[in-house]
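Visitor: Please find target.txt (compact mmCIF, C-alpha atoms) on the next line:
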```
# COMPACT_ATOMS: atom_id res chain seq x y z
CA SER I 11 118.68 87.09 95.47
CA VAL I 12 119.09 86.21 91.81
CA GLY I 13 121.78 88.85 91.29
CA MET I 14 123.72 87.47 94.24
CA GLU I 15 123.69 83.93 92.91
CA LYS I 16 125.31 85.11 89.68
CA ALA I 17 128.22 86.85 91.47
CA PRO I 18 131.53 85.15 90.53
CA ARG I 19 132.50 82.94 93.45
CA ASP I 20 136.25 83.47 92.93
CA ASP I 21 135.92 87.23 93.47
CA TRP I 22 135.09 86.91 97.14
CA LEU I 23 136.82 83.59 97.89
CA ARG I 24 140.09 85.14 96.73
CA ARG I 25 139.79 87.77 99.45
CA LEU I 26 139.76 85.21 102.27
CA GLU I 27 142.78 83.56 103.81
CA ALA I 28 143.21 79.83 103.10
CA ARG I 29 142.05 78.55 106.51
CA VAL I 30 138.87 80.62 106.55
CA MET I 31 138.18 79.83 102.89
CA GLN I 32 138.47 76.09 103.53
CA LYS I 33 135.99 76.20 106.40
CA VAL I 34 133.54 78.27 104.37
CA CYS I 35 133.81 75.95 101.35
CA THR I 36 133.34 72.75 103.36
CA SER I 37 130.65 73.91 105.80
CA ILE I 38 128.10 75.95 103.84
CA ARG I 39 125.64 74.35 101.42
CA PRO I 40 124.73 75.67 98.98
CA LEU I 41 127.91 77.73 98.69
CA THR I 42 126.48 80.94 97.22
CA ALA I 43 126.74 84.61 98.06
CA GLU I 44 123.04 84.56 98.85
CA SER I 45 123.31 81.84 101.51
CA ILE I 46 126.24 83.58 103.24
CA LEU I 47 124.58 87.00 103.29
CA THR I 48 121.20 85.75 104.49
CA LEU I 49 122.39 83.38 107.22
CA PRO I 50 122.65 85.05 110.66
CA ILE I 51 126.18 85.52 112.04
CA SER I 52 125.42 83.12 114.90
CA GLU I 53 124.41 80.38 112.46
CA LEU I 54 127.48 80.91 110.25
CA LYS I 55 129.67 80.79 113.36
CA ARG I 56 128.09 77.48 114.37
CA LEU I 57 128.46 75.94 110.91
CA THR I 58 132.04 77.03 110.26
CA SER I 59 133.51 77.16 113.81
CA LEU I 60 134.96 80.56 112.93
CA THR I 61 135.14 83.53 115.29
CA VAL I 62 132.61 86.34 115.17
CA ASP I 63 135.23 88.65 113.61
CA GLU I 64 136.09 86.07 110.94
CA VAL I 65 132.42 85.54 110.08
CA ALA I 66 131.93 89.32 109.84
CA ALA I 67 134.94 89.49 107.49
CA VAL I 68 133.44 86.75 105.31
CA LYS I 69 130.11 88.59 105.07
CA ARG I 70 131.86 91.88 104.29
CA SER I 71 133.97 90.30 101.56
CA VAL I 72 130.90 88.74 99.93
CA ALA I 73 128.88 91.96 100.19
CA LEU I 74 131.63 93.95 98.47
CA SER I 75 131.74 91.45 95.63
CA VAL I 76 128.02 91.58 94.84
CA GLN I 77 127.57 95.34 95.13
CA ARG I 78 125.73 96.57 92.05
CA VAL I 79 124.62 100.17 92.72
CA PRO I 80 127.28 102.83 92.00
CA PRO I 81 127.75 105.51 94.67
CA SER I 82 125.85 108.77 94.29
CA THR I 83 126.02 112.13 96.05
CA VAL I 84 123.21 113.92 97.86
CA LEU I 85 123.27 116.49 95.05
CA ASP I 86 122.60 113.69 92.51
CA ILE I 87 119.52 112.67 94.48
CA TRP I 88 118.31 116.25 95.01
CA THR I 89 118.61 117.25 91.36
CA GLY I 90 117.38 113.90 89.97
CA ARG I 91 120.62 113.52 88.02
CA ASN I 92 120.74 109.81 88.83
CA GLU I 93 117.55 108.38 87.33
CA ASP I 94 117.93 105.17 89.34
CA LEU I 95 117.41 107.12 92.57
CA VAL I 96 114.31 109.05 91.48
CA THR I 97 111.34 107.76 93.47
CA ARG I 98 107.88 108.46 92.08
CA ARG I 99 104.48 108.15 93.77
CA LEU I 100 101.62 105.86 92.79
CA SER I 101 98.27 107.42 93.61
CA THR I 102 95.83 105.24 95.53
CA GLY I 103 92.86 106.96 93.93
CA CYS I 104 91.77 108.19 97.37
CA SER I 105 92.58 111.83 98.15
CA SER I 106 92.73 111.39 101.93
CA ILE I 107 95.20 108.49 101.70
CA ASP I 108 97.32 110.25 99.04
CA GLN I 109 97.52 113.31 101.29
CA ALA I 110 98.61 111.20 104.28
CA LEU I 111 101.24 109.43 102.13
CA ASP I 112 102.57 112.63 100.52
CA GLY I 113 101.30 111.68 97.09
CA GLY I 114 100.83 107.91 97.28
CA ILE I 115 102.77 104.64 97.40
CA LEU I 116 106.53 104.81 96.75
CA SER I 117 107.57 103.48 93.35
CA GLN I 118 110.60 101.80 94.94
CA GLY I 119 110.94 99.75 98.11
CA VAL I 120 108.58 97.35 99.90
CA THR I 121 105.34 98.77 101.28
CA GLU I 122 103.47 96.61 103.76
CA ILE I 123 99.71 96.94 104.29
CA ALA I 124 98.79 95.14 107.50
CA GLY I 125 95.50 94.80 109.31
CA GLU I 126 92.75 92.55 110.52
CA SER I 127 90.32 90.80 108.22
CA GLY I 128 87.81 93.17 106.65
CA GLY I 129 90.03 96.21 107.03
CA GLY I 130 90.19 96.93 103.30
CA LYS I 131 93.68 95.63 102.48
CA THR I 132 92.68 93.67 99.35
CA GLN I 133 90.33 96.46 98.23
CA LEU I 134 93.22 98.92 98.32
CA CYS I 135 95.52 96.55 96.42
CA LEU I 136 92.94 95.99 93.69
CA GLN I 137 92.47 99.73 93.29
CA LEU I 138 96.24 100.25 93.03
CA CYS I 139 96.28 97.76 90.13
CA LEU I 140 93.94 100.16 88.33
CA THR I 141 95.42 103.57 89.19
CA LEU I 142 98.83 102.16 88.24
CA GLN I 143 97.77 102.10 84.58
CA LEU I 144 97.12 105.83 84.42
CA PRO I 145 99.86 108.07 83.00
CA GLU I 146 102.24 109.75 85.45
CA SER I 147 100.43 113.06 84.96
CA GLU I 148 97.32 111.44 86.46
CA GLY I 149 99.11 109.79 89.39
CA GLY I 150 99.85 106.41 87.78
CA LEU I 151 103.04 104.76 86.57
CA GLY I 152 101.81 103.73 83.14
CA GLY I 153 102.46 100.01 83.45
CA ALA I 154 101.10 96.55 84.24
CA ALA I 155 100.58 94.80 87.60
CA MET I 156 101.44 91.33 88.88
CA TYR I 157 99.09 90.10 91.63
CA ILE I 158 100.25 87.02 93.58
CA CYS I 159 97.54 85.30 95.64
CA THR I 160 98.52 83.04 98.54
CA GLU I 161 95.29 82.77 100.55
CA ASP I 162 92.05 82.62 98.60
CA VAL I 163 90.93 82.62 95.00
CA PHE I 164 91.57 85.94 93.30
CA PRO I 165 88.49 88.22 93.73
CA HIS I 166 87.53 88.42 90.04
CA LYS I 167 83.99 89.63 90.66
CA ARG I 168 85.10 92.54 92.82
CA LEU I 169 87.80 93.47 90.28
CA ASP I 170 85.24 93.48 87.44
CA GLN I 171 83.05 95.80 89.50
CA LEU I 172 85.95 98.17 90.17
CA VAL I 173 87.10 98.11 86.54
CA SER I 174 83.64 99.13 85.36
CA LYS I 175 83.60 102.16 87.67
CA PHE I 176 87.23 103.00 86.93
CA PHE I 177 86.74 102.87 83.16
CA ALA I 178 83.70 105.15 83.40
CA LYS I 179 85.86 107.79 85.14
CA HIS I 180 88.96 107.43 82.97
CA ARG I 181 87.69 106.28 79.57
CA GLN I 182 89.85 108.87 77.81
CA TRP I 183 92.92 106.78 78.65
CA PHE I 184 91.63 103.32 77.70
CA ALA I 185 90.03 101.81 74.60
CA SER I 186 87.81 99.44 76.61
CA GLU I 187 87.41 97.73 79.98
CA SER I 188 89.33 94.73 78.68
CA ALA I 189 92.28 97.04 77.98
CA VAL I 190 92.40 97.62 81.75
CA THR I 191 92.07 93.99 82.85
CA ASP I 192 94.62 92.85 80.24
CA LYS I 193 97.32 94.61 82.24
CA ILE I 194 96.67 92.73 85.48
CA TYR I 195 98.49 89.38 85.66
CA ILE I 196 97.56 86.86 88.34
CA GLU I 197 99.72 84.14 89.90
CA HIS I 198 99.09 81.76 92.81
CA ALA I 199 101.67 80.61 95.36
CA ALA I 200 100.97 78.01 98.07
CA SER I 201 104.46 77.87 99.63
CA SER I 202 107.62 79.92 100.02
CA ALA I 203 109.19 77.83 97.24
CA ASP I 204 106.26 78.70 94.93
CA LEU I 205 106.61 82.38 95.80
CA GLY I 206 110.35 82.30 95.10
CA ALA I 207 109.72 80.59 91.75
CA VAL I 208 107.19 83.28 90.73
CA LEU I 209 109.66 86.02 91.64
CA ASP I 210 112.41 84.28 89.65
CA LYS I 211 110.02 84.16 86.70
CA LEU I 212 109.55 87.92 87.03
CA PHE I 213 113.30 88.46 86.70
CA ALA I 214 113.15 86.55 83.41
CA VAL I 215 110.18 88.41 81.89
CA LEU I 216 110.64 91.95 83.24
CA PRO I 217 113.14 93.12 80.63
CA ASP I 218 110.42 92.59 78.01
CA GLN I 219 107.39 93.62 80.06
CA GLN I 220 106.28 96.93 81.60
CA PHE I 221 105.44 95.72 85.09
CA ARG I 222 105.35 98.60 87.54
CA LEU I 223 103.51 97.02 90.48
CA LEU I 224 103.87 93.74 92.35
CA VAL I 225 101.26 92.74 94.95
CA ILE I 226 101.60 89.74 97.30
CA ASP I 227 98.34 88.99 99.10
CA SER I 228 99.45 87.86 101.60
CA VAL I 229 102.98 87.09 102.84
CA ALA I 230 101.84 85.89 106.28
CA ALA I 231 99.54 83.19 104.90
CA ILE I 232 102.53 81.22 103.57
CA TYR I 233 104.84 81.54 106.55
CA ARG I 234 102.22 80.96 109.23
CA SER I 235 101.24 77.60 107.76
CA GLU I 236 104.62 76.40 106.47
CA PHE I 237 106.97 77.00 109.39
CA SER I 238 106.59 75.89 113.01
CA ARG I 239 107.98 77.77 116.02
CA GLU I 240 110.94 75.38 116.11
CA GLN I 241 111.89 76.39 112.55
CA GLY I 242 112.64 80.01 113.40
CA ILE I 243 116.05 80.10 111.68
CA ALA I 244 114.75 78.50 108.48
CA LYS I 245 111.78 80.89 108.47
CA ALA I 246 114.03 83.94 108.97
CA GLN I 247 116.39 82.80 106.21
CA SER I 248 113.49 82.26 103.80
CA LEU I 249 112.04 85.70 104.62
CA LEU I 250 115.42 87.33 103.99
CA GLN I 251 115.75 85.55 100.65
CA ILE I 252 112.27 86.62 99.55
CA GLY I 253 112.84 90.14 100.88
CA GLY I 254 116.13 90.42 98.97
CA LYS I 255 114.41 89.45 95.73
CA LEU I 256 111.59 91.94 96.33
CA HIS I 257 114.01 94.81 96.91
CA GLN I 258 116.08 93.84 93.89
CA LEU I 259 112.99 93.70 91.65
CA SER I 260 111.83 97.05 92.96
CA HIS I 261 115.12 98.89 92.47
CA MET I 262 116.22 97.25 89.22
CA TYR I 263 112.90 97.82 87.46
CA LYS I 264 111.45 100.79 89.41
CA MET I 265 108.56 98.64 90.54
CA ALA I 266 106.30 99.40 93.49
CA VAL I 267 106.03 96.34 95.76
CA ILE I 268 102.99 95.89 98.03
CA CYS I 269 102.92 93.08 100.60
CA VAL I 270 99.73 92.39 102.51
CA ASN I 271 100.29 91.13 106.05
CA GLN I 272 98.03 89.74 108.74
CA VAL I 273 98.08 90.84 112.38
CA THR I 274 98.80 89.02 115.62
CA SER I 275 97.21 89.72 118.98
CA VAL I 276 99.65 90.46 121.81
CA VAL I 277 98.98 91.27 125.45
CA ASP I 278 100.05 94.78 126.39
CA ALA I 279 100.42 95.24 130.14
CA GLY I 280 99.99 98.99 129.81
CA LYS I 281 96.64 98.77 128.03
CA SER I 282 93.35 97.07 128.63
CA GLY I 283 92.80 94.17 126.25
CA ASP I 284 95.07 92.95 123.50
CA SER I 285 97.02 94.94 120.89
CA LEU I 286 97.26 94.01 117.23
CA VAL I 287 100.72 93.99 115.63
CA PRO I 288 101.81 92.88 112.15
CA SER I 289 102.79 89.21 111.82
CA LEU I 290 106.19 87.69 110.92
CA GLY I 291 108.22 89.42 113.60
CA LEU I 292 111.38 91.53 113.56
CA THR I 293 113.01 89.83 110.57
CA TRP I 294 110.20 90.88 108.27
CA SER I 295 109.93 94.34 109.85
CA ASN I 296 113.54 95.01 108.87
CA ILE I 297 112.73 94.14 105.23
CA VAL I 298 109.78 96.52 104.98
CA THR I 299 110.41 100.09 103.79
CA VAL I 300 107.00 101.52 104.65
CA ARG I 301 104.52 99.99 107.09
CA LEU I 302 100.85 100.93 106.85
CA MET I 303 98.07 99.52 109.03
CA VAL I 304 94.38 99.59 108.20
CA SER I 305 91.56 99.00 110.67
CA LYS I 306 87.86 99.45 111.07
CA ASN I 307 87.21 102.90 112.48
CA GLN I 308 86.25 103.47 116.08
CA THR I 309 84.24 106.59 116.90
CA ASP I 310 86.91 108.02 119.19
CA GLN I 311 89.91 107.52 116.86
CA LEU I 312 89.49 110.65 114.77
CA GLY I 313 86.52 112.21 116.50
CA ALA I 314 84.22 111.32 113.60
CA MET I 315 81.11 109.20 113.56
CA ASP I 316 81.72 105.66 112.42
CA GLY I 317 79.80 104.80 109.26
CA PRO I 318 79.34 101.87 106.89
CA GLY I 319 82.58 100.93 105.17
CA ARG I 320 84.61 103.57 107.02
CA ARG I 321 88.22 102.62 107.81
CA VAL I 322 91.41 104.16 109.20
CA LEU I 323 94.85 103.94 107.56
CA ARG I 324 97.81 104.60 109.84
CA VAL I 325 101.44 105.24 108.89
CA VAL I 326 103.45 103.18 111.39
CA PHE I 327 106.86 103.97 109.91
CA ALA I 328 108.30 105.30 106.66
CA PRO I 329 111.63 106.91 105.70
CA HIS I 330 109.89 109.99 104.31
CA LEU I 331 106.78 110.37 106.50
CA PRO I 332 105.92 111.11 110.13
CA GLU I 333 103.45 108.91 112.00
CA ASN I 334 100.09 109.86 110.59
CA GLN I 335 96.59 108.55 109.97
CA CYS I 336 93.56 109.25 107.84
CA GLU I 337 90.09 107.97 107.16
CA PHE I 338 88.88 106.27 104.01
CA VAL I 339 85.70 104.58 102.88
CA VAL I 340 85.16 101.23 101.17
CA CYS I 341 82.19 101.56 98.83
CA GLU I 342 80.91 100.16 95.56
CA ASP I 343 83.27 102.40 93.57
CA GLY I 344 86.32 101.25 95.58
CA ILE I 345 88.43 103.16 98.09
CA CYS I 346 87.65 106.86 98.44
CA SER I 347 87.83 109.77 100.86
CA PRO I 348 84.87 110.23 103.24
CA ARG I 349 84.54 113.77 101.84
CA ALA I 350 84.00 112.36 98.35
CA GLN I 351 80.87 110.48 99.36
```
Would you mind writing the file's structure down as structure tokens?

Guide:
Amino acid sequence: SVGMEKAPRDDWLRRLEARVMQKVCTSIRPLTAESILTLPISELKRLTSLTVDEVAAVKRSVALSVQRVPPSTVLDIWTGRNEDLVTRRLSTGCSSIDQALDGGILSQGVTEIAGESGGGKTQLCLQLCLTLQLPESEGGLGGAAMYICTEDVFPHKRLDQLVSKFFAKHRQWFASESAVTDKIYIEHAASSADLGAVLDKLFAVLPDQQFRLLVIDSVAAIYRSEFSREQGIAKAQSLLQIGGKLHQLSHMYKMAVICVNQVTSVVDAGKSGDSLVPSLGLTWSNIVTVRLMVSKNQTDQLGAMDGPGRRVLRVVFAPHLPENQCEFVVCEDGICSPRAQ
């Protein structure tokens, strides 16, 4: 990540014995803390001809040199004494989803929203760009949103429709509808290099801007088209680099990060038919803090009748939540609880 690249090279090179240091310096390009930390041990071993223990020592030495977060006690976290470790919730604007997520989306970490086409992923992201702007007392974070599109043209018409409904409900907090849309910034990225450049730009502007939400819609679109099966190592390294930047942005600036992901069909011998799992494999799964999956409701999932626009959101894993699921509805006003209709 950007912070890693700026770490003084001498700090960690000085820790290594001369023979190991020479192999590292002559074998790895570019010679940065980022490249050493993101390359798998097997790949570093192949490049440098070092032993597994020596490669592990190199990684440990680099990691110690770029450490930025001071240690804190459990009491610091419990009492909120360390402001950097206080995690807030961003309301989705849907009571059933907020209840399932214990208040909403985490203000720190990477939250993935995966699902098949038409499941409501983009609808939910657009709504989060609006609820974000509410004050904390109303479930927002009081900031602006950056929305990075990688697949299609940004859905301006749908956003305008949502803004109109949102402003009518919350006009006491905004001077006009344009005051809402002015806090949603849109970028486009067609490749992993484009995405990295946009994230680097965020590092440059964030100290002067009040961004509190970053949406990437979607991560899978870039990596599915850019990397072949034979480029697995390059794909994993790129994902780790992007993931490192996302986590750094989130924790440095207390920014909620939402990544939309597609799904892949896999054959499950224990079940009839295929199962849908999030794309991008284990490397990406290890980057994600919270994984949510949305799908079109089936009558037998929650024992409720399936209706127009009705969907299911499922918590696959999260550090603070059990596996859980709830229903929501996609309607003209946006995402809402079935009970609210």

Visitor: Using Å and a single decimal, report how far CA of His257 in chain I sits from CA of Val215 in chain I.

Guide: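 We find that CA of Val215 in chain I and CA of His257 in chain I lie 16.8 Å from each other.
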
Visitor: In Å, how far is it from CA of Thr293 in chain I to CA of Thr160 in chain I?

Guide: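 If I compute the distance from CA of Thr293 in chain I to CA of Thr160 in chain I, I get 20.0 Å.
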
Visitor: Dump as an NGL selection string all residues having an atom at most 8 Å from (99.6, 88.4, 99.6), computed in the file's coordinates with all atoms listed in the file.

Guide: :I and (158-161 or 225-231 or 269-271)

Visitor: So how far away is CA of Glu240 in chain I from CA of Ser289 in chain I, in Å?

Guide: 16.6 Å

Visitor: Hey, what's within 7 Å of Gly125 in chain I if we count all atoms listed in the file and toss same-chain stuff fewer than 2 positions away? As a list of chain:residue names, please?

Guide: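 Once the adjacent positions are removed, what remains is I:Ile123, I:Ser127, I:Gly129, I:Asn271, I:Gln272, I:Val273, I:Met303, I:Val304, I:Ser305.
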
Visitor: Counting only C-alpha atoms, I want the residues whose atoms come within 12 Å of (124.9, 85.7, 113.1) in the file frame, returned as a ChimeraX atom specification.

Guide: /I:46-58,60-66,68-69,243,246-247

Visitor: Convert the current residue selection to file output with C-alpha atoms, as a CSV table (one decimal), in the coordinates of the input.

Guide:
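Here's the written file again09.csv:
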```
chain,number,residue,atom,x,y,z
I,46,ILE,CA,126.2,83.6,103.2
I,47,LEU,CA,124.6,87.0,103.3
I,48,THR,CA,121.2,85.8,104.5
I,49,LEU,CA,122.4,83.4,107.2
I,50,PRO,CA,122.6,85.0,110.7
I,51,ILE,CA,126.2,85.5,112.0
I,52,SER,CA,125.4,83.1,114.9
I,53,GLU,CA,124.4,80.4,112.5
I,54,LEU,CA,127.5,80.9,110.2
I,55,LYS,CA,129.7,80.8,113.4
I,56,ARG,CA,128.1,77.5,114.4
I,57,LEU,CA,128.5,75.9,110.9
I,58,THR,CA,132.0,77.0,110.3
I,60,LEU,CA,135.0,80.6,112.9
I,61,THR,CA,135.1,83.5,115.3
I,62,VAL,CA,132.6,86.3,115.2
I,63,ASP,CA,135.2,88.6,113.6
I,64,GLU,CA,136.1,86.1,110.9
I,65,VAL,CA,132.4,85.5,110.1
I,66,ALA,CA,131.9,89.3,109.8
I,68,VAL,CA,133.4,86.8,105.3
I,69,LYS,CA,130.1,88.6,105.1
I,243,ILE,CA,116.0,80.1,111.7
I,246,ALA,CA,114.0,83.9,109.0
I,247,GLN,CA,116.4,82.8,106.2
```

Visitor: Ranking I:Glu44, I:Glu236, I:Glu333, I:Glu27 by minimum distance to Gly254 in chain I and counting only C-alpha atoms, which one comes first?

Guide: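 Between I:Glu44, I:Glu236, I:Glu333, I:Glu27, the residue approaching Gly254 in chain I most closely is I:Glu44.
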
Visitor: Looking at I:Leu136, I:Trp88, I:Leu74, I:Ser202, which one is nearest to Lys167 in chain I, with distances taken over all atoms listed in the file?

Guide: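 Among the listed residues, the smallest separation from Lys167 in chain I belongs to I:Leu136.
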
Visitor: Name all residues at most 12 Å from Trp183 in chain I (count all atoms listed in the file; drop same-chain ones fewer than 5 positions away) and give them as JSON, numbers by chain.

Guide: {"I": [140, 141, 143, 144, 145, 146, 147, 148, 150, 152, 176, 177, 178, 189, 190]}

Visitor: Considering only C-alpha atoms, state which residue in the set I:Ile87, I:Ala214, I:Leu256, I:Met265 is at the smallest distance from Ala154 in chain I.

Guide: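 Of all the options, I:Met265 lies closest to Ala154 in chain I.
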
Visitor: Closest to Val300 in chain I among I:Arg239, I:Leu205, I:Ser186, I:Ser117, using all atoms listed in the file?

Guide: I:Ser117

Visitor: So, counting all atoms listed in the file, which residue among I:Pro217, I:Ala200, I:Ile38, I:Leu100 is closest to Leu142 in chain I?

Guide: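 Result for the nearest residue to Leu142 in chain I: I:Leu100.
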
Visitor: Quick one: of I:Ser174, I:Ser260, I:Gln241, I:Gln137, who's nearest to Leu209 in chain I, counting only C-alpha atoms?

Guide: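 Among the listed residues, I:Ser260 lies closest to Leu209 in chain I.
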
Visitor: Find the residues near Leu169 in chain I: any atom within 12 Å, counting all atoms listed in the file, skip ones fewer than 4 places away on the same chain, and give them as a list in words.

Guide: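 Listed by chain and then number, they are Thr132, Gln133, Leu134, Cys135, Leu136, Gln137, Leu138, Cys139, Leu140, Tyr157, Phe164, Pro165, Val173, Ser174, Lys175, Phe176, Phe177, Glu187, Ser188, Val190, Thr191, Ile194, Ile196, Glu342, Asp343 and Gly344 of chain I.
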
Visitor: Which centre and edge lengths in Å to one decimal define the box along x, y and z that fits every listed atom of range 216-232 of chain I plus 5 Å per side, as AutoDock Vina command-line options?

Guide:
```
--center_x 105.7 --center_y 89.9 --center_z 92.1 --size_x 24.8 --size_y 27.4 --size_z 38.3
```
